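A.B. asks: Can you read through this structure? Questions will come right after.
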Number of protein chains: 2
Amino acid sequence: MARAPRQADIAAAAGVSQTTVSLILSGNTDGMRLAESTRLRVLKAAETLGYVPDPVATRLASSRNHMIGVYTFASAFPTAVDGFYYPILAGIEEEAAALGQDLILFTGTGGLGARADDKTAIRRTRIADGCLFFGRHVPEEPIDWLLGGGFPLVYIGRRDELAGRIPYVGVDYVAASAAVVNRLVEAGHREIRYLRSLDDALSSTDRERGVLTAAASAGLPVRRIVVRAADAEVGALGSEVRELVERWRGEGVTAVVVEETDTGSLSAALLDAVHDIRVPAELSLAVLGQPAGHPELSGFEVPRRELGRQAVRLLVDQITSSSTGDPEQMLLDCIPITGSTIGQAPC
Amino acid sequence: MARAPRQADIAAAAGVSQTTVSLILSGNTDGMRLAESTRLRVLKAAETLGYVPDPVATRLASSRNHMIGVYTFASAFPTAVDGFYYPILAGIEEEAAALGQDLILFTGTGGLGARADDKTAIRRTRIADGCLFFGRHVPEEPIDWLLGGGFPLVYIGRRDELAGRIPYVGVDYVAASAAVVNRLVEAGHREIRYLRSLDDALSSTDRERGVLTAAASAGLPVRRIVVRAADAEVGALGSEVRELVERWRGEGVTAVVVEETDTGSLSAALLDAVHDIRVPAELSLAVLGQPAGHPELSGFEVPRRELGRQAVRLLVDQITSSSTGDPEQMLLDCIPITGSTIGQAPC
DNA sequence: TCAATAAGCTAATCCGTATTAGCTAAGGTG
DNA sequence: CACCTTAGCTAATACGGATTAGCTTATTGA
């Protein structure tokens with residue numbers, strides 16, 4: 001046999017029609033009545049022939065093959081499987097398995113002009129029932145096209161492009177960051193500095209927004225809070241941060257808040273800079289996130305695994321409900337980490 | 001528009017039939033003649049409507065959607081993107097791009113009973129035109145099923161399961177390993193020891209075969225060549241290898257050949273064990289492979305990037321030729337690395 | 001001037017499965 | 001005995017594009 005058996009082969013073997021085979025194998029016997037003897041005969045024929053449904057035909061006919069895609073814009077294969085992204089991927093895999101969905105991974109185009117080829121590259125996603133998108137880059141044209149065609153998709157991370165029509169699961173960095181600042185304020189700190197990276201991703205600006213809002217409502221002098229540090233080479237960054245900290249201590253600063261980025265370079269630089277300072281006795285420290293291997297740092301934990309799980313749920317919801325209502329957008333709360341680097345401000 | 005435009009929409013817009021649209025867009029005008037004016041009209045309508053072909057329909061109709069799958073049996077997402085596998089993946093991506101194929105990545109089932117679910121998991125691959133398989137595990141039943149159904153597939157690495165019917169691109173470890181031993185023999189070494197891992201993968205047994213063959217044809221006492229070292233925890237392995245080397249030196253051994261595995265732990269242990277021995281003055285060293293960061297070691301380089309490229313070529317050949325001849329199997333030659341750790345045997 | 005070309009399209013069918021609308025024969029009702 | 005159920009199945013069609021087999025109109029050649 002040069003081709004895989006199909007329903008028609010089973011039908012011939014069992015002496016029934018292809019329709020009957022489809023009904024029995026898919027179990028969609030709504031209102032239909034089929035004799036138990038026929039059912040068994042068909043099932044046995046399917047077993048004997050080694051029938052396995054063709055996922056392509058299934059998807060064409062019913063718009064459903066129980067596969068969901070994961071699209072990463074990174075060129076080459078996911079080198080991004082580091083500590084930051086892995087929990088999200090693990091959450092995706094876990095929930096997909098729980099919901100009976102198979103995963104397919106798409107990666108961005110390789111070395112060639114990635115931008116120009118986005119449309120072609122994203123076309124692939126349609127072999128799945130829906131797709132999760134991953135990464136800060138939003139190629140508006142193809143995503144718009146997918147949305148317009150009614151293709152189910154969910155972004156990981158908050159997105160405000162395309163007039164807010166992109167469904168996503170994000171993290172409430174604003175609230176989490178504000179909570180961190182509030183803790184410092186409650187501990188009596190008035191001279192606080194915020195160290196953030198030079199990055200315009202929403203995850204960065206949201207954190208800043210939370211810091212600024214909390215500071216403003218506590219009556220702190222907002223304009224002196226934000227300090228941008230270029231996320232440059234580690235060496236240069238290290239000395240830059242060290243100088244900053246030194247100056248701040250001269251200015252009577254009692255607490256420093258630092259953004260945690262996916263590379264973790266900023267918080268690492270800060271940790272290095274305060275190496276010979278007693279924390280929190282002399283200086284309080286808080287991180288907007290949680291650097292790996294530093295459970296002692298006060299800050300918050302990003303629910304990464306949950307991010308992956310929820311994204312899959314949202315996507316499968318879209319696929320199965322086919323409701324054309326508002327885009328589903330969801331922000332997850334972070335888990336506060338008390339840590340031991342926030343102390344009472346010195347009088 | 002709640003759905004993506006299809007050829008029928010273009011046909012309506014341009015006042016032609018769906019057939020004409022298909023002919024023009026696919027460029028398959030073999031023997032067909034179509035007026036240039038019609039061609040332009042259709043192309044413009046397609047452009048205006050933002051038509052993008054449906055990969056599912058394309059594949060169902062023509063068995064071709066220009067996507068090839070890569071299946072890794074590793075659970076979870078490919079953590080295996082380390083120095084060993086990356087060049088292969090890079091080669092795959094490179095050649096796929098060159099041949100105009102899109103890549104889709106399938107990963108084995110997660111924590112759940114991987115073995116039992118193989119069939120279901122592998123079923124997915126059929127949404128692509130063909131699939132590359134990766135990893136030492138060959139689940140015979142589903143692979144047999146795919147082969148029987150005429151599905152194009154290529155394994156990376158030599159396989160002899162299923163009566164040799166599995167197409168593959170492998171590495172000629174036998175020849176490369178024999179060449180290494182021959183170099184030692186030519187340098188006058190008679191007391192050679194071979195250190196190999198406790199692994200029954202073909203890449204291991206092939207190397208051993210090369211070593212044994214070369215040794216036998218040089219008239220060396222074969223039975224004393226092979227020493228199996230358990231690829232256990234690094235600590236235990238280290239001390240075990242150190243003892244071995246010490247004993248061998250007492251026995252008058254002048255050269256040691258070590259297998260290079262994907263983890264590199266064996267060669268690392270050996271390098272550590274000879275740390276205070278002058279190489280090659282006191283002892284010659286050869287590696288059946290090339291540990292990263294050790295260009296001085298005599299041995300051979302596995303053409304990993306080429307492995308990926310050739311696998312893609314073989315797969316695309318299968319897809320396009322549809323010849324049902326013998327399975328395409330191919331072994332690539334390794335590149336000898338002269339290095340500086342093989343010296344003349346002391347008299 | 002009538003058939004033979006050829007140019008330019010289209011109708012019909014296929015790929016493998018899902019789904020809707022019936023169709024048939026047995027049994028029950030009035 | 002005509003009529004209606006109902007159980008048990010099937011014919012037909014859709015999904016979106018590829019492909020084969022024609023089917024019209026000019027245009028030629030004899």
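Ordering of the structure tokens sets the chain letters (A, B, ...), residue numbers begin anew at 1 in every chain, and ligands are numbered from 1 in the order given.
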Considering only C-alpha atoms (C1' of nucleotides), tabulate each residue of chain A that lies at most 9 Å from chain D along with its nearest interatomic pair and the corresponding distance in Å to one decimal; arrange the rows by chain and ascending residue number and present them as a Markdown table.

C.D. replies:
```
| residue | atom | partner | partner_atom | distance |
| --- | --- | --- | --- | --- |
| A:Val16 | CA | D:DC9 | C1' | 8.3 |
| A:Ser17 | CA | D:DT10 | C1' | 6.5 |
| A:Gln18 | CA | D:DT10 | C1' | 8.8 |
| A:Thr19 | CA | D:DT10 | C1' | 7.2 |
| A:Thr20 | CA | D:DC9 | C1' | 7.4 |
| A:Met32 | CA | D:DG8 | C1' | 8.3 |
| A:Arg33 | CA | D:DG8 | C1' | 6.1 |
| A:Leu34 | CA | D:DG8 | C1' | 5.7 |
| A:Ala35 | CA | D:DG8 | C1' | 6.8 |
| A:Ala57 | CA | D:DC15 | C1' | 8.8 |
| A:Arg59 | CA | D:DC15 | C1' | 8.7 |
| A:Leu60 | CA | D:DC15 | C1' | 5.2 |
| A:Ala61 | CA | D:DC15 | C1' | 4.9 |
| A:Ser62 | CA | D:DC15 | C1' | 7.6 |
| A:Ser63 | CA | D:DC15 | C1' | 8.4 |
```

A.B. asks: Residues of chain A within 12 Å of chain C, using only C-alpha atoms (C1' of nucleotides), as number ranges by chain?

C.D. replies: A: 4-9, 18-30, 32, 52-65

A.B. asks: Can you write out as a Markdown table which residues of chain B fall within 7 Å of chain A, alongside each residue's closest atom pair and its distance in Å to one decimal, counting only C-alpha atoms and ordering rows by chain and ascending residue number?

C.D. replies:
```
| residue | atom | partner | partner_atom | distance |
| --- | --- | --- | --- | --- |
| B:Met1 | CA | A:Gly148 | CA | 6.8 |
| B:Ala2 | CA | A:Gly149 | CA | 5.6 |
| B:Arg3 | CA | A:Gly149 | CA | 4.2 |
| B:Ala4 | CA | A:Gly149 | CA | 4.2 |
| B:Pro55 | CA | A:Ile127 | CA | 6.2 |
| B:Val56 | CA | A:Ile127 | CA | 5.6 |
| B:Ala57 | CA | A:Leu60 | CA | 6.5 |
| B:Leu60 | CA | A:Val56 | CA | 6.3 |
| B:Ala76 | CA | A:Ala90 | CA | 6.9 |
| B:Thr79 | CA | A:Val81 | CA | 6.5 |
| B:Val81 | CA | A:Thr79 | CA | 6.6 |
| B:Ala90 | CA | A:Ala76 | CA | 6.9 |
| B:Ile104 | CA | A:Phe106 | CA | 5.4 |
| B:Leu105 | CA | A:Leu105 | CA | 4.8 |
| B:Phe106 | CA | A:Ile104 | CA | 5.4 |
| B:Arg124 | CA | A:Pro55 | CA | 6.8 |
| B:Arg126 | CA | A:Pro55 | CA | 6.9 |
| B:Ile127 | CA | A:Val56 | CA | 5.6 |
| B:Gly148 | CA | A:Ala2 | CA | 6.5 |
| B:Gly149 | CA | A:Ala4 | CA | 4.1 |
| B:Gly150 | CA | A:Ala2 | CA | 5.6 |
```

A.B. asks: Please report the interatomic distance between atom CA of Thr320 of chain B and atom CA of Val154 of chain B in Å with one decimal.

C.D. replies: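 That distance, rounded to one decimal, is 13.9 Å.
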
A.B. asks: Can you list, as a list in words, every protein, DNA or RNA residue that comes within 10 Å of Pro336 of chain B when you count only C-alpha atoms (C1' of nucleotides), leaving out same-chain residues fewer than 2 positions away?

C.D. replies: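 My list of contacting residues is Ala176, Ser177, Ala179, Val180, Leu288, Gly289, Gln290, Ser298, Gly299, Phe300, Glu301, Val302, Asp333, Cys334, Thr338 and Gly339 of chain B.
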
A.B. asks: Using only C-alpha atoms, please write the residues we just selected to a file, as a compact mmCIF listing (two decimals), in the first residue's frame.

C.D. replies:
```txt
# COMPACT_ATOMS: atom_id res chain seq x y z
CA ALA B 176 37.13 8.32 10.53
CA SER B 177 37.92 6.28 13.63
CA ALA B 179 41.96 6.67 10.21
CA VAL B 180 42.77 7.96 13.67
CA LEU B 288 37.11 10.42 17.95
CA GLY B 289 35.50 13.78 17.33
CA GLN B 290 36.40 17.25 18.41
CA SER B 298 44.22 15.22 17.20
CA GLY B 299 41.05 13.62 15.92
CA PHE B 300 38.40 14.52 13.37
CA GLU B 301 35.70 17.05 12.87
CA VAL B 302 32.12 15.87 12.42
CA ASP B 333 33.10 11.90 5.67
CA CYS B 334 34.70 13.56 8.64
CA THR B 338 45.97 16.82 12.66
CA GLY B 339 46.30 18.54 15.97
```

A.B. asks: Can you tell me how far atom CA of Glu208 of chain B sits from atom CA of Arg196 of chain B, in Å to one decimal?

C.D. replies: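 If I compute the distance from atom CA of Glu208 of chain B to atom CA of Arg196 of chain B, I get 7.8 Å.
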
A.B. asks: So how many Å separate atom CA of Pro167 of chain B and atom CA of Glu328 of chain B, to one decimal?

C.D. replies: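 We find that atom CA of Pro167 of chain B and atom CA of Glu328 of chain B lie 5.0 Å from each other.
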
A.B. asks: Counting only C-alpha atoms, which residue out of B:Ser284, B:Thr254, B:Gln318, B:Ser239 sits closest to Cys131 of chain B?

C.D. replies: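 Among the listed residues, B:Gln318 lies closest to Cys131 of chain B.
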
A.B. asks: I'd like the neighbourhood of Leu162 of chain B as a list in words, where a residue qualifies if any of its atoms comes within 10 Å (using only C-alpha atoms (C1' of nucleotides)), though same-chain residues fewer than 6 positions away should be ignored.

C.D. replies: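 Near Leu162 of chain B, the qualifying residues are Val138, Glu140, Glu141, Ile143, Asp144 and Leu147 of chain B.
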
A.B. asks: Kindly export the residues of the current selection with C-alpha atoms, as a compact mmCIF listing (two decimals), in the first residue's frame.

C.D. replies:
```
# COMPACT_ATOMS: atom_id res chain seq x y z
CA VAL B 138 13.41 5.34 16.83
CA GLU B 140 9.49 1.73 15.15
CA GLU B 141 5.75 1.43 14.88
CA ILE B 143 7.96 5.42 11.73
CA ASP B 144 7.05 2.23 9.95
CA LEU B 147 7.13 4.96 5.64
```
